[in-house]
>>> print(open('coords04.tsv').read())   # TSV, C-alpha atoms and all ligand atoms
chain	number	residue	atom	x	y	z
A	19	MET	CA	-28.38	-1.53	-185.19
A	20	ILE	CA	-29.36	1.72	-183.49
A	21	SER	CA	-29.16	2.78	-179.84
A	22	VAL	CA	-32.09	3.09	-177.45
A	23	GLN	CA	-31.84	6.88	-177.69
A	24	GLU	CA	-31.79	6.88	-181.49
A	25	ALA	CA	-34.87	4.65	-181.57
A	26	LYS	CA	-36.73	7.06	-179.29
A	27	GLU	CA	-35.76	10.03	-181.46
A	28	ILE	CA	-37.00	8.28	-184.60
A	29	LEU	CA	-40.30	7.47	-182.91
A	30	MET	CA	-40.83	11.03	-181.71
A	31	ALA	CA	-40.10	12.40	-185.18
A	32	ASN	CA	-42.80	10.10	-186.58
A	33	ALA	CA	-45.31	10.20	-183.72
A	34	ILE	CA	-48.98	10.77	-184.54
A	35	ARG	CA	-51.51	12.72	-182.47
A	36	GLY	CA	-55.13	11.60	-182.15
A	37	THR	CA	-57.84	13.82	-183.63
A	38	LYS	CA	-59.74	16.29	-181.41
A	39	HIS	CA	-63.33	15.54	-180.54
A	40	ASN	CA	-65.89	16.49	-177.90
A	41	VAL	CA	-67.05	13.95	-175.33
A	42	PRO	CA	-69.61	14.22	-172.50
A	43	LEU	CA	-67.96	15.48	-169.30
A	44	ILE	CA	-68.04	12.17	-167.40
A	45	ASP	CA	-66.60	10.24	-170.38
A	46	SER	CA	-63.59	12.57	-170.48
A	47	LEU	CA	-62.13	11.00	-167.31
A	48	GLY	CA	-58.53	9.88	-167.94
A	49	LYS	CA	-58.35	11.62	-171.32
A	50	ILE	CA	-56.20	14.61	-172.33
A	51	VAL	CA	-57.65	18.04	-173.03
A	52	ALA	CA	-57.17	19.05	-176.67
A	53	GLU	CA	-57.77	22.83	-176.29
A	54	ASP	CA	-57.38	25.50	-173.62
A	55	ILE	CA	-60.67	25.68	-171.69
A	56	THR	CA	-62.01	29.03	-170.48
A	57	SER	CA	-64.76	29.58	-167.95
A	58	PRO	CA	-68.20	30.51	-169.33
A	59	CYS	CA	-69.06	32.34	-166.08
A	60	ASP	CA	-67.74	34.10	-162.99
A	61	VAL	CA	-67.06	31.76	-160.06
A	62	PRO	CA	-68.52	32.33	-157.53
A	63	TYR	CA	-71.47	33.45	-159.57
A	64	PHE	CA	-72.64	35.80	-156.76
A	65	ASP	CA	-71.25	37.11	-153.45
A	66	ASN	CA	-71.95	34.48	-150.80
A	67	SER	CA	-71.10	33.44	-147.27
A	68	ALA	CA	-68.14	31.17	-146.51
A	69	MET	CA	-69.51	30.34	-143.03
A	70	ASP	CA	-72.62	29.57	-141.05
A	71	GLY	CA	-73.12	32.77	-139.04
A	72	TYR	CA	-74.39	36.33	-139.44
A	73	ALA	CA	-73.96	38.79	-142.30
A	74	ILE	CA	-73.49	42.40	-141.18
A	75	LYS	CA	-72.44	45.74	-142.55
A	76	TRP	CA	-68.98	46.56	-141.18
A	77	ASN	CA	-68.93	50.03	-139.72
A	78	GLY	CA	-65.29	50.49	-138.79
A	79	GLU	CA	-65.57	49.51	-135.12
A	80	ASN	CA	-63.14	46.86	-134.08
A	81	ASN	CA	-64.74	45.56	-130.92
A	82	PHE	CA	-67.97	44.21	-129.47
A	83	ARG	CA	-71.13	45.26	-131.23
A	84	HIS	CA	-74.81	44.60	-130.67
A	85	PHE	CA	-77.61	44.02	-133.16
A	86	ASP	CA	-81.23	43.88	-132.18
A	87	LYS	CA	-82.80	42.28	-135.25
A	88	GLN	CA	-82.09	39.13	-137.15
A	89	ILE	CA	-83.37	37.93	-140.50
A	90	SER	CA	-82.78	34.41	-141.90
A	91	GLY	CA	-81.51	33.11	-145.24
A	92	LYS	CA	-80.13	29.83	-146.62
A	93	ALA	CA	-78.11	28.64	-149.61
A	94	GLY	CA	-80.14	28.90	-152.80
A	95	PRO	CA	-81.85	31.59	-154.77
A	96	THR	CA	-83.72	33.08	-151.79
A	97	GLY	CA	-83.18	35.55	-149.00
A	98	CYS	CA	-81.15	38.17	-150.84
A	99	SER	CA	-83.09	41.11	-149.48
A	100	ASN	CA	-81.72	44.48	-148.44
A	101	LEU	CA	-80.22	44.48	-144.97
A	102	PRO	CA	-81.82	47.15	-142.76
A	103	ALA	CA	-79.49	49.23	-140.57
A	104	GLU	CA	-78.36	47.67	-137.28
A	105	SER	CA	-79.63	44.28	-138.43
A	106	ALA	CA	-77.75	41.02	-138.72
A	107	PHE	CA	-78.72	38.53	-141.33
A	108	ARG	CA	-78.73	34.89	-140.23
A	109	ILE	CA	-76.80	33.23	-143.05
A	110	PHE	CA	-75.49	29.79	-143.93
A	111	THR	CA	-72.55	28.66	-146.04
A	112	GLY	CA	-73.09	29.33	-149.73
A	113	ALA	CA	-76.14	31.61	-149.25
A	114	PRO	CA	-76.16	34.88	-151.22
A	115	MET	CA	-75.10	37.95	-149.24
A	116	PRO	CA	-77.97	40.35	-148.64
A	117	LYS	CA	-77.51	43.75	-150.28
A	118	GLY	CA	-75.87	46.14	-147.86
A	119	ALA	CA	-73.91	43.44	-145.98
A	120	ASP	CA	-70.20	43.01	-146.52
A	121	THR	CA	-68.92	40.77	-143.71
A	122	VAL	CA	-69.88	37.40	-142.17
A	123	ILE	CA	-69.21	36.63	-138.50
A	124	PRO	CA	-69.16	32.87	-137.80
A	125	GLN	CA	-71.78	31.78	-135.27
A	126	GLU	CA	-69.14	30.71	-132.73
A	127	PHE	CA	-68.32	34.42	-132.22
A	128	VAL	CA	-71.90	35.51	-131.65
A	129	THR	CA	-73.94	35.29	-128.43
A	130	LEU	CA	-77.70	35.71	-128.16
A	131	GLU	CA	-79.09	37.13	-124.90
A	132	ASN	CA	-82.55	38.57	-124.32
A	133	GLY	CA	-83.13	38.84	-128.05
A	134	LEU	CA	-79.95	40.85	-128.46
A	135	LEU	CA	-77.09	39.53	-130.61
A	136	SER	CA	-73.57	40.37	-129.40
A	137	PHE	CA	-70.64	40.04	-131.76
A	138	ASP	CA	-66.98	39.64	-130.92
A	139	LEU	CA	-65.51	41.46	-133.93
A	140	GLU	CA	-61.89	41.51	-132.88
A	141	LYS	CA	-60.76	38.62	-135.05
A	142	PHE	CA	-62.46	39.96	-138.19
A	143	GLN	CA	-62.33	42.79	-140.63
A	144	LYS	CA	-64.47	44.18	-143.39
A	145	GLY	CA	-65.00	41.43	-145.98
A	146	SER	CA	-64.21	38.49	-143.64
A	147	ASN	CA	-65.82	35.19	-144.67
A	148	VAL	CA	-67.36	36.48	-147.87
A	149	ARG	CA	-66.69	34.70	-151.16
A	150	TYR	CA	-66.94	37.49	-153.72
A	151	GLN	CA	-68.31	37.04	-157.23
A	152	GLY	CA	-65.48	36.15	-159.64
A	153	ASN	CA	-63.02	35.62	-156.80
A	154	GLN	CA	-61.97	32.17	-158.09
A	155	ASN	CA	-62.13	33.13	-161.75
A	156	LYS	CA	-63.81	35.59	-164.06
A	157	LYS	CA	-65.85	34.70	-167.13
A	158	GLY	CA	-63.37	34.03	-169.96
A	159	ASP	CA	-60.44	33.13	-167.67
A	160	LEU	CA	-58.31	30.10	-168.61
A	161	ILE	CA	-59.27	27.32	-166.17
A	162	LEU	CA	-57.69	24.23	-167.78
A	163	LYS	CA	-54.72	24.14	-170.12
A	164	LYS	CA	-54.45	22.09	-173.30
A	165	HIS	CA	-52.68	18.74	-172.56
A	166	SER	CA	-53.98	18.54	-168.95
A	167	SER	CA	-55.20	15.14	-167.77
A	168	ILE	CA	-58.83	14.89	-166.81
A	169	THR	CA	-59.00	13.65	-163.21
A	170	PRO	CA	-61.97	13.49	-160.83
A	171	GLY	CA	-60.81	16.92	-159.60
A	172	THR	CA	-60.85	18.46	-163.09
A	173	ILE	CA	-64.26	16.88	-163.75
A	174	GLY	CA	-65.46	18.77	-160.64
A	175	LEU	CA	-63.89	22.02	-161.86
A	176	LEU	CA	-65.53	21.72	-165.29
A	177	ALA	CA	-68.90	20.77	-163.79
A	178	SER	CA	-68.70	23.77	-161.43
A	179	VAL	CA	-68.70	26.13	-164.41
A	180	GLY	CA	-71.39	24.18	-166.27
A	181	ILE	CA	-69.26	22.58	-169.01
A	182	SER	CA	-70.98	19.48	-170.37
A	183	GLN	CA	-68.78	18.60	-173.38
A	184	VAL	CA	-64.99	18.43	-173.21
A	185	PRO	CA	-62.57	18.65	-176.18
A	186	VAL	CA	-60.15	15.70	-175.87
A	187	TYR	CA	-57.78	13.75	-178.09
A	188	ALA	CA	-59.38	10.60	-179.49
A	189	ALA	CA	-57.86	7.28	-178.41
A	190	PRO	CA	-56.46	5.07	-181.16
A	191	SER	CA	-57.94	1.76	-182.23
A	192	VAL	CA	-55.37	-0.99	-181.81
A	193	ALA	CA	-54.99	-4.39	-183.47
A	194	ILE	CA	-52.85	-6.96	-181.68
A	195	ILE	CA	-51.60	-9.74	-183.95
A	196	VAL	CA	-50.20	-12.61	-181.97
A	197	THR	CA	-48.15	-14.98	-184.12
A	198	GLY	CA	-46.96	-18.51	-183.41
A	199	ASP	CA	-48.19	-22.03	-184.26
A	200	GLU	CA	-47.21	-23.12	-180.75
A	201	LEU	CA	-49.73	-20.84	-179.03
A	202	LYS	CA	-52.86	-21.99	-177.24
A	203	GLU	CA	-55.43	-19.76	-175.59
A	204	ILE	CA	-56.06	-20.01	-171.87
A	205	GLY	CA	-58.92	-22.41	-171.17
A	206	GLN	CA	-57.62	-24.95	-173.73
A	207	ASP	CA	-55.42	-27.95	-172.90
A	208	LEU	CA	-51.78	-27.80	-173.89
A	209	GLU	CA	-50.37	-30.44	-176.22
A	210	TYR	CA	-46.68	-31.34	-176.13
A	211	GLY	CA	-44.69	-28.41	-177.56
A	212	GLU	CA	-47.41	-25.82	-177.03
A	213	ILE	CA	-47.47	-22.80	-174.71
A	214	TYR	CA	-50.14	-20.40	-173.58
A	215	ASN	CA	-50.46	-17.05	-175.30
A	216	SER	CA	-49.50	-14.67	-172.51
A	217	ASN	CA	-48.46	-11.72	-174.68
A	218	GLY	CA	-52.02	-11.09	-175.91
A	219	PRO	CA	-53.44	-10.65	-172.38
A	220	THR	CA	-50.37	-8.60	-171.35
A	221	LEU	CA	-50.76	-6.15	-174.23
A	222	LYS	CA	-54.53	-5.90	-173.80
A	223	SER	CA	-54.12	-5.07	-170.12
A	224	TYR	CA	-51.54	-2.34	-170.86
A	225	LEU	CA	-53.93	-0.82	-173.39
A	226	ARG	CA	-56.76	-0.97	-170.87
A	227	LEU	CA	-54.60	0.90	-168.34
A	228	LEU	CA	-54.14	3.64	-170.95
A	229	GLY	CA	-57.92	3.87	-171.38
A	230	ILE	CA	-57.77	2.51	-174.94
A	231	GLU	CA	-61.00	0.61	-175.51
A	232	GLU	CA	-61.07	-0.18	-179.21
A	233	VAL	CA	-58.75	-3.19	-179.15
A	234	GLN	CA	-58.99	-6.43	-181.07
A	235	GLU	CA	-56.66	-9.41	-180.82
A	236	PHE	CA	-55.99	-11.66	-183.82
A	237	GLN	CA	-54.12	-14.97	-183.87
A	238	ALA	CA	-51.98	-15.63	-186.91
A	239	PRO	CA	-50.23	-18.89	-187.84
A	240	ASP	CA	-46.60	-18.89	-188.93
A	241	LYS	CA	-47.57	-18.80	-192.62
A	242	LEU	CA	-46.70	-15.85	-194.80
A	243	GLU	CA	-49.84	-15.95	-196.91
A	244	SER	CA	-52.37	-15.89	-194.07
A	245	LEU	CA	-50.29	-13.40	-192.09
A	246	SER	CA	-50.08	-11.08	-195.07
A	247	SER	CA	-53.83	-11.14	-195.73
A	248	LEU	CA	-54.50	-10.48	-192.04
A	249	VAL	CA	-52.16	-7.46	-192.15
A	250	LYS	CA	-54.04	-6.17	-195.21
A	251	GLU	CA	-57.33	-6.55	-193.33
A	252	VAL	CA	-56.24	-4.76	-190.13
A	253	LEU	CA	-54.58	-1.90	-192.00
A	254	VAL	CA	-58.02	-0.86	-193.21
A	255	LYS	CA	-59.48	-0.61	-189.71
A	256	PHE	CA	-56.90	0.24	-187.03
A	257	ASP	CA	-54.69	3.19	-186.06
A	258	PHE	CA	-51.99	1.09	-184.37
A	259	ILE	CA	-50.87	-2.47	-185.08
A	260	LEU	CA	-48.88	-4.43	-182.53
A	261	PHE	CA	-47.39	-7.78	-183.51
A	262	SER	CA	-46.08	-10.28	-181.02
A	263	GLY	CA	-43.42	-12.74	-182.23
A	264	GLY	CA	-42.26	-13.72	-185.69
A	265	ILE	CA	-39.91	-10.74	-186.12
A	266	SER	CA	-36.61	-12.46	-185.38
A	267	VAL	CA	-34.37	-14.35	-187.81
A	268	GLY	CA	-36.01	-17.80	-187.53
A	269	GLU	CA	-37.27	-19.62	-190.62
A	270	TYR	CA	-40.88	-19.09	-189.55
A	271	ASP	CA	-40.55	-15.40	-188.76
A	272	PHE	CA	-42.71	-13.89	-191.49
A	273	VAL	CA	-43.89	-10.65	-189.88
A	274	LYS	CA	-41.31	-8.42	-191.60
A	275	THR	CA	-42.09	-9.79	-195.05
A	276	ALA	CA	-45.85	-9.56	-194.45
A	277	MET	CA	-45.47	-5.90	-193.46
A	278	LYS	CA	-43.33	-5.16	-196.52
A	279	GLU	CA	-45.88	-6.82	-198.80
A	280	ASN	CA	-48.51	-4.45	-197.41
A	281	GLY	CA	-46.52	-1.24	-197.84
A	282	ILE	CA	-45.55	-0.68	-194.20
A	283	GLU	CA	-42.43	1.49	-194.25
A	284	GLU	CA	-39.60	0.55	-191.86
A	285	LEU	CA	-38.59	3.19	-189.29
A	286	PHE	CA	-36.07	0.94	-187.59
A	287	TYR	CA	-35.32	-2.73	-187.04
A	288	LYS	CA	-33.11	-3.96	-184.20
A	289	ILE	CA	-31.97	-1.93	-181.21
A	290	LYS	CA	-28.80	-2.40	-179.16
A	291	GLN	CA	-30.73	-3.67	-176.14
A	292	ARG	CA	-31.65	-6.75	-174.14
A	293	PRO	CA	-34.32	-7.96	-174.01
A	294	GLY	CA	-36.04	-7.02	-177.25
A	295	LYS	CA	-33.17	-6.64	-179.72
A	296	PRO	CA	-35.22	-7.45	-182.86
A	297	LEU	CA	-37.86	-4.77	-182.22
A	298	PHE	CA	-39.33	-3.34	-185.44
A	299	ALA	CA	-41.15	-0.03	-185.83
A	300	GLY	CA	-42.86	1.06	-189.03
A	301	LYS	CA	-45.50	3.34	-190.41
A	302	THR	CA	-47.97	4.02	-193.16
A	303	ALA	CA	-49.20	7.53	-193.98
A	304	THR	CA	-51.54	7.53	-190.97
A	305	GLN	CA	-50.65	4.51	-188.84
A	306	LEU	CA	-47.89	3.21	-186.60
A	307	VAL	CA	-46.82	-0.40	-186.41
A	308	PHE	CA	-44.64	-2.20	-183.86
A	309	ALA	CA	-43.47	-5.78	-184.14
A	310	LEU	CA	-42.42	-6.94	-180.68
A	311	PRO	CA	-40.15	-9.97	-180.31
A	312	GLY	CA	-42.20	-12.86	-178.86
A	313	ASN	CA	-40.40	-13.50	-175.59
A	314	PRO	CA	-42.70	-12.17	-172.86
A	315	ALA	CA	-40.05	-10.02	-171.13
A	316	SER	CA	-39.19	-8.47	-174.52
A	317	VAL	CA	-42.83	-7.64	-175.12
A	318	ILE	CA	-43.18	-5.99	-171.73
A	319	SER	CA	-39.97	-3.99	-171.82
A	320	CYS	CA	-40.43	-2.89	-175.49
A	321	PHE	CA	-44.02	-1.91	-174.78
A	322	ASN	CA	-42.92	0.23	-171.84
A	323	GLN	CA	-39.93	1.83	-173.55
A	324	TYR	CA	-41.32	2.50	-177.02
A	325	VAL	CA	-44.96	1.60	-177.57
A	326	ARG	CA	-46.51	3.23	-174.52
A	327	PRO	CA	-44.78	6.62	-175.06
A	328	THR	CA	-45.93	6.61	-178.69
A	329	LEU	CA	-49.49	5.75	-177.64
A	330	LYS	CA	-49.35	8.45	-174.97
A	331	HIS	CA	-48.34	10.96	-177.62
A	332	TYR	CA	-51.34	9.90	-179.70
A	333	LEU	CA	-53.57	10.30	-176.63
A	334	GLY	CA	-52.32	13.90	-176.24
A	335	PHE	CA	-49.81	13.65	-173.37
A	336	GLU	CA	-47.03	16.25	-173.51
A	337	GLN	CA	-44.33	14.42	-171.53
A	338	VAL	CA	-44.14	10.87	-172.78
A	339	TRP	CA	-40.55	9.80	-172.13
A	340	GLU	CA	-39.73	11.14	-168.67
A	341	ASP	CA	-41.48	8.43	-166.77
A	342	TYR	CA	-38.54	7.34	-164.60
A	343	GLU	CA	-36.88	8.04	-161.24
A	344	LEU	CA	-33.17	7.93	-160.39
A	345	LEU	CA	-32.49	5.52	-157.49
A	346	PRO	CA	-29.41	3.84	-155.97
A	347	CYS	CA	-28.99	0.15	-156.74
A	348	THR	CA	-28.84	-2.07	-153.64
A	349	ASN	CA	-26.96	-5.04	-155.21
A	350	SER	CA	-24.46	-5.85	-157.95
A	351	PHE	CA	-24.87	-6.84	-161.57
A	352	SER	CA	-22.37	-7.46	-164.35
A	353	LYS	CA	-22.93	-7.66	-168.07
A	354	LYS	CA	-20.68	-8.22	-171.07
A	355	PRO	CA	-22.20	-7.17	-174.37
A	356	PRO	CA	-22.35	-3.45	-175.18
A	357	LEU	CA	-26.14	-3.39	-175.08
A	358	THR	CA	-28.58	-1.39	-172.96
A	359	PHE	CA	-30.15	-3.82	-170.48
A	360	PHE	CA	-33.68	-3.50	-169.08
A	361	LEU	CA	-33.92	-5.61	-165.94
A	362	LYS	CA	-36.78	-6.64	-163.67
A	363	ALA	CA	-36.31	-4.95	-160.32
A	364	LEU	CA	-37.83	-4.33	-156.92
A	365	LYS	CA	-38.11	-0.74	-155.72
A	366	SER	CA	-38.10	-0.05	-151.97
A	367	LYS	CA	-37.32	2.85	-149.67
A	368	ASN	CA	-33.63	1.80	-149.73
A	369	GLY	CA	-33.32	1.96	-153.50
A	370	VAL	CA	-33.74	-0.62	-156.21
A	371	GLU	CA	-32.74	-4.29	-156.24
A	372	ILE	CA	-32.03	-6.09	-159.53
A	373	LEU	CA	-33.91	-9.40	-159.35
A	374	GLY	CA	-32.82	-12.89	-160.44
A	375	GLY	CA	-34.50	-14.72	-163.34
A	376	GLN	CA	-33.73	-12.13	-166.02
A	377	GLU	CA	-34.06	-14.54	-168.98
A	378	SER	CA	-36.47	-13.08	-171.50
A	379	PHE	CA	-38.83	-16.11	-171.32
A	380	ASN	CA	-39.02	-15.92	-167.53
A	381	LEU	CA	-42.17	-14.27	-166.15
A	382	LEU	CA	-41.87	-15.49	-162.56
A	383	SER	CA	-40.05	-12.43	-161.23
A	384	PHE	CA	-42.91	-10.23	-162.52
A	385	GLY	CA	-44.80	-11.63	-159.53
A	386	ILE	CA	-42.61	-9.58	-157.17
A	387	SER	CA	-41.12	-6.95	-159.48
A	388	ASN	CA	-42.61	-3.46	-159.29
A	389	ALA	CA	-40.18	-1.70	-161.63
A	390	PHE	CA	-37.44	-2.19	-164.17
A	391	VAL	CA	-34.02	-0.58	-164.35
A	392	GLU	CA	-31.99	0.58	-167.31
A	393	ILE	CA	-28.28	-0.27	-167.44
A	394	PRO	CA	-26.66	1.87	-170.13
A	395	GLU	CA	-24.84	0.35	-173.11
A	396	ASP	CA	-21.36	1.39	-171.91
A	397	CYS	CA	-21.73	0.23	-168.28
A	398	ASN	CA	-20.48	-3.31	-167.58
A	399	GLN	CA	-20.64	-3.39	-163.82
A	400	VAL	CA	-23.25	-2.09	-161.39
A	401	ASN	CA	-22.36	-1.96	-157.69
A	402	PRO	CA	-24.42	-1.00	-154.62
A	403	GLY	CA	-24.97	2.78	-154.62
A	404	HIS	CA	-24.83	3.05	-158.41
A	405	ILE	CA	-27.60	5.45	-159.54
A	406	LEU	CA	-29.92	3.86	-162.11
A	407	LYS	CA	-32.93	4.95	-164.14
A	408	VAL	CA	-35.97	3.15	-162.71
A	409	TYR	CA	-39.23	2.81	-164.62
A	410	ASN	CA	-42.57	1.58	-163.34
A	411	TRP	CA	-44.15	-1.27	-165.26
B	501	LIG	P1	-40.61	-15.51	-181.67
B	501	LIG	O1	-40.31	-14.05	-181.49
B	501	LIG	O2	-41.83	-15.76	-182.45
B	501	LIG	O3	-39.40	-16.23	-182.18
B	501	LIG	O4	-40.88	-16.08	-180.21
B	501	LIG	C1	-39.86	-16.03	-179.22
B	501	LIG	C2	-40.28	-16.85	-178.02
B	501	LIG	O5	-41.45	-16.23	-177.45
B	501	LIG	C3	-40.69	-18.27	-178.33
B	501	LIG	O6	-40.24	-19.09	-177.26
B	501	LIG	C4	-42.19	-18.21	-178.37
B	501	LIG	O7	-42.78	-19.45	-178.08
B	501	LIG	C5	-42.51	-17.17	-177.32
B	501	LIG	N1	-43.78	-16.52	-177.62
B	501	LIG	C6	-44.15	-16.04	-178.81
B	501	LIG	N2	-45.37	-15.52	-178.77
B	501	LIG	C7	-45.80	-15.66	-177.48
B	501	LIG	C8	-46.99	-15.32	-176.80
B	501	LIG	N3	-48.01	-14.73	-177.44
B	501	LIG	N4	-47.08	-15.60	-175.50
B	501	LIG	C9	-46.05	-16.19	-174.85
B	501	LIG	N5	-44.91	-16.53	-175.44
B	501	LIG	C10	-44.76	-16.29	-176.75
B	502	MG	MG	-42.72	-17.37	-183.34
>>> encode(input="coords04.tsv", output="C-alpha cells")
Amino acid sequence: MISVQEAKEILMANAIRGTKHNVPLIDSLGKIVAEDITSPCDVPYFDNSAMDGYAIKWNGENNFRHFDKQISGKAGPTGCSNLPAESAFRIFTGAPMPKGADTVIPQEFVTLENGLLSFDLEKFQKGSNVRYQGNQNKKGDLILKKHSSITPGTIGLLASVGISQVPVYAAPSVAIIVTGDELKEIGQDLEYGEIYNSNGPTLKSYLRLLGIEEVQEFQAPDKLESLSSLVKEVLVKFDFILFSGGISVGEYDFVKTAMKENGIEELFYKIKQRPGKPLFAGKTATQLVFALPGNPASVISCFNQYVRPTLKHYLGFEQVWEDYELLPCTNSFSKKPPLTFFLKALKSKNGVEILGGQESFNLLSFGISNAFVEIPEDCNQVNPGHILKVYNW
C-alpha cells in the first residue's frame, strides 16, 4: 500500500494534457488558455476622452481661462477635426480627440456665460482625462498568459481587441461505469436488497462543474464477461474511464480483472487512507482509468483528492493540487489505524468542525458539510485549535 502523497506523485508523473484547439470566444468560458495571447492592435486604438467635457489645447497657464467658441463631437468615428486656436471642443467619453487638443476638462469645471466658456484649470494639467492610443497595451503585447482561466472578464478583454477564436485545451471525454447488481436507477421502485445508484449522478455532477460535457454513464452487472466487453467498448471511445464499485476484495469484484484483460496497466492499487482504501489508478498509452470503491463517501473523497486534479491537469490548469486552506479545528477527533483520514466537515468563520456520521456509506452529513478535512497518517488525536488541511467539495 502506498501513501496519499506517493499516489499523488504517481498520478502527476503520468498525467495527460488535453490537445490544443481553437474555439469561438464565447465557448471558451471556463476553459484554460493553451497559448500566450498577444494583442492584434493598440488599445485604445486612438486618443480619446475619458470624460464628458471639453477638449482644449493646454497652453501652460494654471488658472482660469476663457474660450469663445465651442464645437461638438461624440463617441464614434466622427468629429475628429482640427481644433482652431482659442476653441474648446465639446466632447463626450470615448470620442476621438480632435487634432491639436491634448487635455479634457470635465464639464463640472466649466461654466457657460454669455456664450463664453470659463474653465477652472487648477485641478488639471496637460494630458488630463485623455486616454492615449496604446496606453493599455500596444499591438503585439502579451495580454493573456498560457494556463489562464477564461472568465467573463477575460472574454471582455479578448473581445475588446477583436479576438474571435481562442486557443484552449480540449476537455476529455469520460465514461462512467457503475457496477453492482444491487443498483436501481432513480425513478424505479426498489426491491428488497436493492439501493439507488447515487455514485453515477455524483460523478456526472462533478464533471459538469468542471465543464466536461462529453460524459456517458454505463451500468455493468457483477459479471466478468459483460464487464470486460464493456471495458473493451469504452476504451475505443473515451479519454478517461471512471469505475464505481467492484474494485475491493469481494467475490463479485471483477473490475480489476476486466481492466487487466483489456491491457490497462496498473499505476497503483490501494492507498493508506479512509475512506477509499482500494482505489485503483491505471493507464493505457493515451488514457487514464480510475476505479473508485463503491461506497459513496469513498467515491466523493477519491474524486476530490485524485480524479479531479488529474482531470484539471488534462484541462490545462497549472496548479491542480493546492486546492486547500489551513484552518483550526473546533472539536476533537481520535483515530487508531495509521491511515490518512478524509472527513466530512463544516467550515465557518471560527474554523472547521469535524461532523458526525463519517461511515463511508453515510451521505446524510453531505447535506450540511461544505468541506472535508485531512487528518495525516501519523496523527491519532485532533484537539480544538489543531491546524488541518481543509478542502472544498
Ligand atoms: P463495492 O465497492 O462494489 O463493494 O460497493 C461498496 C458499497 O457501495 C456497497 O454497499 C454498494 O452497494 C455501494 N455502492 C456501490 N455502487 C454504488 C452506487 N453506484 N451508488 C451507491 N452506492 C453504491
Ligand atoms: Mg459491488
>>> residues_near_ligand(input="coords04.tsv", ligand="ligand LIG 501 (chain B)", cutoff="8 Å", atoms="all atoms listed in the file", output="compact mmCIF listing (two decimals) with C-alpha atoms, in the frame of the given file")
# COMPACT_ATOMS: atom_id res chain seq x y z
CA VAL A 196 -50.20 -12.61 -181.97
CA THR A 197 -48.15 -14.98 -184.12
CA GLY A 198 -46.96 -18.51 -183.41
CA GLU A 200 -47.21 -23.12 -180.75
CA LEU A 201 -49.73 -20.84 -179.03
CA GLU A 212 -47.41 -25.82 -177.03
CA ILE A 213 -47.47 -22.80 -174.71
CA TYR A 214 -50.14 -20.40 -173.58
CA ASN A 215 -50.46 -17.05 -175.30
CA SER A 216 -49.50 -14.67 -172.51
CA ASN A 217 -48.46 -11.72 -174.68
CA GLY A 218 -52.02 -11.09 -175.91
CA SER A 262 -46.08 -10.28 -181.02
CA GLY A 263 -43.42 -12.74 -182.23
CA GLY A 264 -42.26 -13.72 -185.69
CA ILE A 265 -39.91 -10.74 -186.12
CA SER A 266 -36.61 -12.46 -185.38
CA VAL A 267 -34.37 -14.35 -187.81
CA GLY A 268 -36.01 -17.80 -187.53
CA TYR A 270 -40.88 -19.09 -189.55
CA ASP A 271 -40.55 -15.40 -188.76
CA LEU A 310 -42.42 -6.94 -180.68
CA PRO A 311 -40.15 -9.97 -180.31
CA GLY A 312 -42.20 -12.86 -178.86
CA ASN A 313 -40.40 -13.50 -175.59
CA PRO A 314 -42.70 -12.17 -172.86
CA PHE A 379 -38.83 -16.11 -171.32
>>> closest_residue(input="coords04.tsv", among="A:Ser246, A:Asn322, A:Asn349, A:Asn155", to="Leu228 of chain A", atoms="all atoms listed in the file")
A:Asn322
>>> residues_around(input="coords04.tsv", residues="Lys295 of chain A", least_positions_apart="2", cutoff="12 Å", atoms="all atoms listed in the file", output="PyMOL selection string")
chain A and resi 19-22+25+265-267+286-293+297-298+309-313+315-317+319-320+357-360+378
>>> atom_distance(input="coords04.tsv", atom1="atom CA of Phe261 of chain A", atom2="atom CA of Glu340 of chain A")
25.2 Å
>>> residues_around(input="coords04.tsv", residues="Ala389 of chain A", least_positions_apart="4", cutoff="6 Å", atoms="only C-alpha atoms", output="number ranges by chain")
A: 363-364, 409-411
>>> residues_around(input="coords04.tsv", residues="Asn153 of chain A", least_positions_apart="6", cutoff="8 Å", atoms="all atoms listed in the file", output="number ranges by chain")
A: 60-62
>>> closest_residue(input="coords04.tsv", among="A:Val307, A:Leu373, A:Ala238, A:Ile282", to="ligand MG 502 (chain B)", atoms="all atoms listed in the file")
A:Ala238
>>> closest_residue(input="coords04.tsv", among="A:Val128, A:Val184, A:Ala303, A:Leu345", to="Leu253 of chain A", atoms="all atoms listed in the file")
A:Ala303
>>> closest_residue(input="coords04.tsv", among="A:Glu140, A:Glu269, A:Asp65, A:Glu131", to="Pro116 of chain A", atoms="only C-alpha atoms")
A:Asp65
>>> atom_distance(input="coords04.tsv", atom1="atom CA of Thr172 of chain A", atom2="atom CA of Asp54 of chain A")
13.1 Å
>>> closest_residue(input="coords04.tsv", among="A:Lys26, A:Lys278, A:His165, A:Lys156", to="Tyr332 of chain A", atoms="only C-alpha atoms")
A:His165
>>> atom_distance(input="coords04.tsv", atom1="atom CA of Ile123 of chain A", atom2="atom CA of Ile109 of chain A")
9.5 Å
>>> residues_near_point(input="coords04.tsv", point="(-42.5, 9.9, -164.0)", cutoff="12 Å", atoms="all atoms listed in the file", output="PyMOL selection string")
chain A and resi 327+337-344+407-411
>>> closest_residue(input="coords04.tsv", among="A:Ile195, A:Gly174, A:Ile28, A:Trp76", to="ligand MG 502 (chain B)", atoms="all atoms listed in the file")
A:Ile195
>>> residues_around(input="coords04.tsv", residues="Gln376 of chain A", least_positions_apart="5", cutoff="8 Å", atoms="all atoms listed in the file", output="number ranges by chain")
A: 361-362, 383
